[in-house]
Structure formats: structure tokens, C-alpha cells
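Enquirer: Structure: upload.txt, compact mmCIF, C-alpha atoms.
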# COMPACT_ATOMS: atom_id res chain seq x y z
CA MET A 20 0.24 -3.07 21.13
CA LEU A 21 -0.26 -2.04 17.53
CA LYS A 22 -3.57 -0.41 18.36
CA LYS A 23 -1.68 2.01 20.60
CA TYR A 24 0.34 3.13 17.55
CA LEU A 25 -2.80 3.32 15.44
CA SER A 26 -4.56 5.36 18.11
CA LEU A 27 -1.66 7.81 18.07
CA LEU A 28 -2.01 7.96 14.30
CA ALA A 29 -5.69 8.71 14.76
CA ILE A 30 -4.94 11.64 17.05
CA SER A 31 -2.23 13.05 14.81
CA THR A 32 -4.31 12.88 11.64
CA PHE A 33 -7.77 13.50 13.11
CA LEU A 34 -8.94 10.00 12.28
CA ILE A 35 -11.36 8.35 14.71
CA TRP A 36 -11.77 4.80 13.40
CA PRO A 37 -8.49 3.33 14.75
CA MET A 38 -9.30 4.84 18.16
CA ALA A 39 -12.79 3.39 18.00
CA ALA A 40 -11.38 -0.01 17.08
CA SER A 41 -9.00 0.12 20.02
CA ALA A 42 -11.76 1.15 22.41
CA ALA A 43 -14.10 -1.54 21.11
CA GLY A 44 -11.74 -4.31 22.18
CA ASP A 45 -10.02 -7.10 20.29
CA SER A 46 -13.20 -9.15 20.00
CA GLN A 47 -14.83 -6.56 17.74
CA VAL A 48 -11.87 -5.81 15.49
CA THR A 49 -12.42 -7.60 12.20
CA GLU A 50 -9.81 -9.57 10.31
CA PHE A 51 -10.71 -7.43 7.30
CA TRP A 52 -9.59 -4.28 9.14
CA GLN A 53 -6.42 -6.02 10.30
CA THR A 54 -5.65 -7.04 6.71
CA LEU A 55 -6.00 -3.44 5.55
CA GLN A 56 -3.53 -2.40 8.25
CA GLY A 57 -1.21 -5.05 6.85
CA GLY A 58 -1.46 -3.35 3.48
CA LEU A 59 -0.34 -0.08 5.05
CA LEU A 60 2.57 -1.84 6.74
CA TYR A 61 3.56 -3.43 3.41
CA ASP A 62 3.70 0.07 1.94
CA ASN A 63 5.72 1.74 4.70
CA TRP A 64 5.79 0.05 8.10
CA ALA A 65 8.00 2.72 9.66
CA LYS A 66 5.49 5.49 8.97
CA VAL A 67 2.59 3.40 10.26
CA LEU A 68 4.42 2.61 13.50
CA PHE A 69 5.94 6.08 13.98
CA LYS A 70 9.44 4.67 13.74
CA LYS A 71 12.49 6.12 12.03
CA GLY A 72 13.57 2.76 10.65
CA PRO A 73 17.09 1.85 9.49
CA SER A 74 18.85 4.41 7.32
CA GLU A 75 21.33 2.02 5.74
CA THR A 76 20.54 -0.24 2.79
CA HIS A 77 18.90 -3.53 3.77
CA PRO A 78 21.67 -6.17 4.05
CA SER A 79 19.66 -8.60 1.88
CA TYR A 80 18.95 -6.04 -0.84
CA PRO A 81 20.65 -7.36 -4.01
CA ALA A 82 23.83 -5.65 -5.20
CA GLY A 83 22.26 -5.30 -8.65
CA GLY A 84 19.26 -3.39 -7.29
CA LYS A 85 18.68 0.24 -8.23
CA GLN A 86 17.82 1.66 -4.81
CA LYS A 87 19.78 2.42 -1.65
CA GLY A 88 19.10 3.46 1.92
CA ALA A 89 15.98 3.42 4.08
CA GLY A 90 13.59 2.74 1.22
CA THR A 91 15.03 -0.73 0.71
CA TRP A 92 13.42 -1.78 4.01
CA ARG A 93 9.92 -1.25 2.59
CA CYS A 94 8.25 -4.50 1.51
CA LYS A 95 6.98 -2.91 -1.68
CA GLU A 96 10.49 -1.93 -2.76
CA CYS A 97 11.52 -5.52 -3.46
CA HIS A 98 8.18 -7.24 -4.01
CA GLY A 99 6.47 -4.41 -5.90
CA TRP A 100 3.11 -2.70 -5.75
CA ASP A 101 1.76 -5.66 -7.71
CA TYR A 102 3.38 -8.21 -5.36
CA ARG A 103 5.11 -9.90 -8.31
CA GLY A 104 8.64 -8.64 -7.78
CA VAL A 105 10.92 -9.33 -10.72
CA ASP A 106 8.02 -10.91 -12.64
CA GLY A 107 5.88 -7.78 -12.44
CA ALA A 108 6.10 -4.04 -13.01
CA TYR A 109 9.50 -3.99 -11.27
CA SER A 110 11.02 -6.36 -13.83
CA SER A 111 12.99 -3.35 -15.06
CA GLY A 112 13.44 0.35 -14.39
CA SER A 113 14.57 2.37 -11.39
CA HIS A 114 12.98 0.00 -8.87
CA TYR A 115 14.38 -3.20 -10.31
CA SER A 116 15.89 -5.43 -7.62
CA GLY A 117 15.64 -8.93 -9.07
CA VAL A 118 13.75 -10.18 -6.01
CA LYS A 119 10.88 -12.59 -6.53
CA GLY A 120 7.30 -11.72 -5.65
CA ILE A 121 4.96 -12.93 -2.91
CA ARG A 122 2.09 -14.20 -5.05
CA ASN A 123 2.98 -17.77 -4.10
CA ARG A 124 2.05 -16.91 -0.50
CA VAL A 125 -1.60 -16.11 -1.28
CA GLY A 126 -3.71 -18.31 0.98
CA GLY A 127 -0.67 -19.28 3.01
CA THR A 128 -0.71 -19.95 6.73
CA VAL A 129 -0.32 -16.70 8.64
CA SER A 130 2.06 -18.20 11.20
CA ASP A 131 4.34 -19.48 8.43
CA ILE A 132 4.43 -16.06 6.78
CA GLU A 133 5.21 -14.44 10.13
CA LYS A 134 8.28 -16.68 10.44
CA ILE A 135 9.45 -15.59 6.99
CA ILE A 136 9.10 -11.92 7.94
CA ARG A 137 11.24 -12.60 11.01
CA ASP A 138 13.86 -14.75 9.27
CA LYS A 139 17.47 -13.73 8.65
CA THR A 140 16.79 -12.72 5.05
CA HIS A 141 14.11 -10.19 5.93
CA GLY A 142 15.54 -9.27 9.33
CA TYR A 143 12.53 -7.47 10.82
CA THR A 144 13.07 -7.55 14.57
CA ARG A 145 10.43 -6.98 17.25
CA ASP A 146 11.99 -3.58 17.93
CA MET A 147 11.21 -2.67 14.32
CA ILE A 148 7.83 -4.33 13.88
CA PRO A 149 6.00 -5.66 16.95
CA ASP A 150 4.34 -9.08 16.86
CA GLU A 151 0.81 -7.76 16.35
CA ALA A 152 1.92 -5.71 13.37
CA VAL A 153 3.72 -8.73 11.89
CA GLU A 154 0.46 -10.67 12.20
CA TYR A 155 -1.39 -7.95 10.27
CA LEU A 156 1.32 -7.88 7.61
CA ALA A 157 1.14 -11.66 7.28
CA LEU A 158 -2.65 -11.46 6.96
CA PHE A 159 -2.22 -9.01 4.10
CA VAL A 160 0.28 -11.26 2.32
CA SER A 161 -2.04 -14.23 2.69
CA ARG A 162 -5.43 -12.62 2.10
CA GLY A 163 -5.06 -9.03 0.93
CA GLN A 164 -3.24 -9.29 -2.40
CA VAL A 165 -4.83 -8.48 -5.75
CA ASP A 166 -4.07 -10.19 -9.07
CA MET A 167 -3.08 -6.91 -10.73
CA PRO A 168 -2.73 -8.08 -14.37
CA GLN A 169 -6.38 -9.10 -14.27
CA TYR A 170 -7.33 -5.46 -13.74
CA ILE A 171 -4.49 -3.49 -15.35
CA ASP A 172 -3.08 -3.71 -18.86
CA TYR A 173 0.66 -3.63 -18.17
CA ALA A 174 1.59 -2.76 -21.74
CA THR A 175 -0.47 0.44 -21.76
CA LYS A 176 -0.77 1.01 -17.98
CA THR A 177 -4.52 1.27 -18.50
CA ALA A 178 -7.02 0.16 -15.87
CA ARG A 179 -9.55 -2.35 -17.19
CA GLY A 180 -12.45 -0.33 -15.86
CA ASP A 181 -15.39 1.90 -16.75
CA ALA A 182 -14.31 5.52 -16.25
CA ASN A 183 -17.88 6.81 -16.45
CA ARG A 184 -18.94 4.52 -13.63
CA GLY A 185 -15.77 5.31 -11.71
CA ALA A 186 -16.57 9.02 -11.86
CA ARG A 187 -19.51 8.50 -9.49
CA PHE A 188 -17.33 6.86 -6.86
CA TYR A 189 -14.48 9.32 -7.31
CA GLN A 190 -16.68 12.41 -7.06
CA ALA A 191 -18.63 11.07 -4.08
CA ILE A 192 -15.60 9.85 -2.09
CA CYS A 193 -12.17 10.79 -3.42
CA SER A 194 -12.90 14.37 -4.49
CA VAL A 195 -13.48 15.39 -0.87
CA CYS A 196 -9.70 15.42 -0.47
CA HIS A 197 -8.29 15.28 -4.00
CA GLY A 198 -10.71 17.75 -5.58
CA PHE A 199 -12.90 17.24 -8.64
CA ASP A 200 -9.93 17.82 -10.94
CA GLY A 201 -7.60 15.73 -8.77
CA LYS A 202 -5.29 18.68 -8.13
CA GLN A 203 -6.25 19.57 -4.57
CA ILE A 204 -3.35 17.51 -3.18
CA ASN A 205 0.13 17.85 -4.68
CA PHE A 206 2.28 14.91 -3.57
CA LYS A 207 5.53 16.62 -4.59
CA THR A 208 6.55 20.24 -5.28
CA PRO A 209 5.10 23.24 -7.12
CA GLU A 210 7.97 22.96 -9.61
CA LYS A 211 7.41 19.24 -10.21
CA PRO A 212 3.83 18.53 -9.17
CA GLU A 213 2.35 15.08 -8.78
CA PHE A 214 -1.40 14.59 -8.49
CA ILE A 215 -3.71 11.60 -8.28
CA GLY A 216 -4.00 11.75 -12.06
CA THR A 217 -0.21 11.62 -12.39
CA VAL A 218 0.14 8.51 -10.25
CA ALA A 219 -2.89 6.78 -11.79
CA GLN A 220 -1.45 7.24 -15.27
CA GLU A 221 2.17 6.40 -14.45
CA ASN A 222 1.76 3.73 -11.78
CA PRO A 223 -1.73 2.21 -11.67
CA GLN A 224 -0.43 -0.68 -9.55
CA GLU A 225 0.57 1.74 -6.80
CA THR A 226 -2.75 3.51 -7.17
CA MET A 227 -4.58 0.22 -6.75
CA HIS A 228 -2.66 -0.67 -3.61
CA LYS A 229 -3.13 2.71 -1.97
CA ALA A 230 -6.78 3.02 -2.99
CA ARG A 231 -7.51 -0.34 -1.36
CA ASN A 232 -5.40 0.05 1.79
CA GLY A 233 -4.88 3.78 2.32
CA GLN A 234 -1.80 5.96 2.61
CA PRO A 235 0.52 5.54 5.62
CA GLY A 236 0.60 8.53 7.95
CA VAL A 237 -2.24 10.55 6.44
CA PRO A 238 -6.06 10.54 6.83
CA MET A 239 -6.96 8.60 3.70
CA VAL A 240 -9.96 6.28 3.54
CA ALA A 241 -9.17 2.66 2.60
CA LEU A 242 -11.51 1.71 -0.24
CA GLY A 243 -10.88 -2.01 0.19
CA VAL A 244 -14.40 -2.26 1.52
CA LEU A 245 -15.63 -1.70 -2.06
CA ASP A 246 -15.75 -4.43 -4.68
CA ILE A 247 -12.48 -4.68 -6.58
CA GLN A 248 -14.14 -3.67 -9.85
CA ASP A 249 -15.42 -0.49 -8.21
CA ILE A 250 -11.83 0.45 -7.41
CA VAL A 251 -10.68 -0.43 -10.92
CA ASP A 252 -13.38 1.88 -12.28
CA ILE A 253 -12.18 4.65 -9.96
CA ILE A 254 -8.64 4.22 -11.26
CA ALA A 255 -9.92 4.29 -14.84
CA TYR A 256 -11.54 7.63 -14.10
CA ALA A 257 -8.49 8.95 -12.20
CA GLN A 258 -6.44 8.24 -15.33
CA THR A 259 -8.54 10.86 -17.14
CA LEU A 260 -7.60 13.57 -14.63
CA PRO A 261 -4.77 16.08 -15.21
CA ALA A 262 -1.25 14.78 -14.66
CA LYS A 263 0.22 18.30 -14.40
Could you show the structure in this file as C-alpha cells?

Expert:
Amino acid sequence: MLKKYLSLLAISTFLIWPMAASAAGDSQVTEFWQTLQGGLLYDNWAKVLFKKGPSETHPSYPAGGKQKGAGTWRCKECHGWDYRGVDGAYSSGSHYSGVKGIRNRVGGTVSDIEKIIRDKTHGYTRDMIPDEAVEYLALFVSRGQVDMPQYIDYATKTARGDANRGARFYQAICSVCHGFDGKQINFKTPEKPEFIGTVAQENPQETMHKARNGQPGVPMVALGVLDIQDIVDIIAYAQTLPAK
């Protein structure tokens, strides 16, 4: 059961909400929560499920793609943080693959999307992703996507939000972990640091996805419970924080 994996995650990262959800029983677990879990799985299913995952390049990853190895098994690697694939932010650059997006699956039937995840092209077996997790992932594809260009100017990578309003949310919620200046957590190395301000400025689509759904494998609150514009305002403020 997926909740067993999520309960282990709760223990390892000192989170209590997945454990509480498991203890409460299936009848009290909301579809909203399941959809957020799907967003985590879309990001990095192996980390969420405590699996090593394949190390070789995905057999369906296009020969013209820019990536190799384990990362090509992540949904986001082909379909993008904005879910638009070749028609979105991954239309060029180091993550270009030429694969189409999943925007056409918004509102789709969950069972149909589950079949696509299991098909020969995607190749996700039950040993990799159990059925319950596939259901959550399909829920995310159907009901958890965001129309990113509506909230982010792709030409300038600027969030279409109110930074002053976003400061209130950031300082009340995000700063607990990231710090008021956004430099409390360094995602990379002392020599080449990466902070929340760095990611917000360079990849607002990734920031949007992670702000809404959380970060696989670490105790990060999923802000998807907020209105989408609240999150856009938070990103607008995060873009004012130091990148170095």
C-alpha cells in the first residue's frame, strides 16, 4: 500500500500528516491529498516510494534528447515542470527531449491515464510503481495540473504576481525553513550554491510545481491548499530574494 511508503517517509522526515492519513483510514483520505501525492510522484516517484529506480536511460527516451540515465524515468524530464513538453519551457535547452506534453489529459478519466502510465511506451511496472501510486499519479495528471503560461511570463521568467502580497505568505510559511533571505537551505554546494531565490528566478515553473505539491523525500509543506494566485504571489516575492 502506498500509505505504508508514505508512513515510512513520515518517520524518516519527522512528518506526521501521512501517518495520520494512514491511521485515519481510506474513507477519510481526500482526493485532494491523493492528487498532491501524485504531484510528488510526477516529480520523482523513486524518491517518494523509497526505490532506487532504473539506472539506465529509459528505452522510450528519444535519441535526440539531452539527458541520460536514471533521470529520464522521471515524468517531469520528458513532460516538463509546466506539463507542456516540447511546447513549453523544455522546447529547447539541456532538458529538451522532443516529447509532447500532458495538457491534453486534463480532465481525463483516471483509469484511462493509468493504462497509459502502464503501457509499453512508459513502461512503469507494478514493481516500480504500485497500483495505488499509479492512481495518485493519474489523479494529478487529470486534476492537478496548472496552466503555467497564465501565471508566468515565459519570455522574462517573471511570475505574474504581487511580490508585496507574496511576502506575507513567504515570511509566515516558507521562511520557517528557507529563512527570511531564502538562504537557510542550500540545494547544491558551498562552491555553487542554489537557494529558493535562485530556482524562482531561473525556473519559476519548477518552483510552482514544488510549491504546490512539495519536495519528494524532505519535510516540505505542499501549498496546493492555497489559492493559485497566492502561490504566484509567493513566487513573485521569492524572485526578489538572493540568487547567490

Enquirer: Please write as number ranges by chain the list of polymer residues whose atoms come within 8 Å of (-16.8, 4.6, -7.5), counting all atoms listed in the file and keeping to the coordinates of the file.

Expert: A: 184-192, 249-250, 252-253

Enquirer: With a distance cut-off of 12 Å and all atoms listed in the file, select the neighbouring residues of A:Leu260, excluding the residue or stretch itself and same-chain residues fewer than 6 positions from it, and output the selection as a count of residues only.

Expert: 23

Enquirer: Rank nothing, just name the residue among A:Met227, A:Val240, A:Val67, A:Ala257 nearest to A:Asn183, using all atoms listed in the file.

Expert: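 The shortest atom-to-atom distance to A:Asn183 comes from A:Ala257.
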
Enquirer: So how many Å separate atom CA of A:Arg124 and atom CA of A:Gly236, to one decimal?

Expert: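 Going from atom CA of A:Arg124 over to atom CA of A:Gly236, I get 26.8 Å.
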
Enquirer: Which stretch 75-121 of chain A residues have any atom within 10 Å of an atom of stretch 129-151 of chain A, and for each, what is the nearest pair of atoms with distance in Å to one decimal, counting all atoms listed in the file, rows sorted by chain and number, as a Markdown table?

Expert:
| residue | atom | partner | partner_atom | distance |
| --- | --- | --- | --- | --- |
| A:His77 | CA | A:His141 | CA | 8.5 |
| A:Pro78 | CA | A:Thr140 | CA | 8.2 |
| A:Ser79 | CA | A:Thr140 | CA | 5.9 |
| A:Tyr80 | CA | A:Thr140 | CA | 9.2 |
| A:Trp92 | CA | A:His141 | CA | 8.7 |
| A:Cys94 | CA | A:His141 | CA | 9.3 |

Enquirer: Fewer than 4 positions away in the same chain doesn't count, so skip those; otherwise give me all residues within 12 Å of A:Gln86, counting only C-alpha atoms, as a list in words.

Expert: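 Contacts, in chain order: Glu75, Thr76, His77, Tyr80, Pro81, Ala82, Gly90, Thr91, Trp92, Arg93, Glu96, Cys97, Tyr109, Gly112, Ser113, His114, Tyr115, Ser116 and Gly117 of chain A.
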
Enquirer: Find the residue from A:Gly83, A:Gly72, A:Asp172, A:Gln164 that sits nearest to A:His98; use all atoms listed in the file when measuring.

Expert: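 Of A:Gly83, A:Gly72, A:Asp172, A:Gln164, the one nearest A:His98, counting all atoms listed in the file, is A:Gln164.
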
Enquirer: Have a look at A:Lys85, A:Arg179, A:Lys229, A:Arg103 and name the one nearest to A:Leu55; count all atoms listed in the file.

Expert: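 Ranked by minimum distance to A:Leu55, first place goes to A:Lys229.
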
Enquirer: Select, from A:Tyr155, A:Trp64, A:Trp52, A:Tyr256, the residue with the minimum atom-to-atom distance to A:Gln234, counting all atoms listed in the file.

Expert: A:Trp64

Enquirer: With all atoms listed in the file as the atoms that count, which of A:Ser161, A:Ser74, A:Ser111, A:Gln248 lies nearest to A:Glu50?

Expert: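 Once distances to A:Glu50 are computed over all atoms listed in the file, the minimum belongs to A:Ser161.
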
Enquirer: Just the number, please: distance in Å from atom CA of A:Lys263 to atom CA of A:Lys211, one decimal.

Expert: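 About the pair atom CA of A:Lys263 and atom CA of A:Lys211: they are 8.4 Å apart.
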
Enquirer: What box, with edges along x, y and z, holds each listed atom of stretch 62-67 of chain A when 8 Å is added on every side, and can you state its centre and edge lengths in Å to one decimal, as AutoDock Vina command-line options?

Expert:
--center_x 5.3 --center_y 2.8 --center_z 6.1 --size_x 21.4 --size_y 21.4 --size_z 24.3

Enquirer: From the set A:Lys87, A:Lys207, A:Arg122, A:Lys71, which residue has the shortest atom-to-atom contact distance to A:Met167, counting all atoms listed in the file?

Expert: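 Closest to A:Met167 of all the choices is A:Arg122.
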
Enquirer: Could you tell me how far atom CA of A:Gln53 lies from atom CA of A:Glu154, in Å and to one decimal?

Expert: 8.5 Å

Enquirer: Quick one: residues within 6 Å of A:Gly180, all atoms listed in the file counted, chain neighbours fewer than 2 positions away excluded, as number ranges by chain?

Expert: A: 178, 251-252, 255

Enquirer: Which neighbours of A:Tyr61 fall inside 9 Å, counting all atoms listed in the file, when residues of the same chain fewer than 2 positions from it are skipped, and could you give them as a list in words?

Expert: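 Contacts, in chain order: Gln56, Gly57, Gly58, Leu59, Asn63, Trp64, Arg93, Cys94, Lys95, Leu156, Phe159 and Val160 of chain A.
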
Enquirer: How would you write as a PyMOL selection string the residues that get within 9 Å of (-5.1, -7.9, -6.4) in the file's frame, counting all atoms listed in the file?

Expert: chain A and resi 101-102+163-170+227-228+247
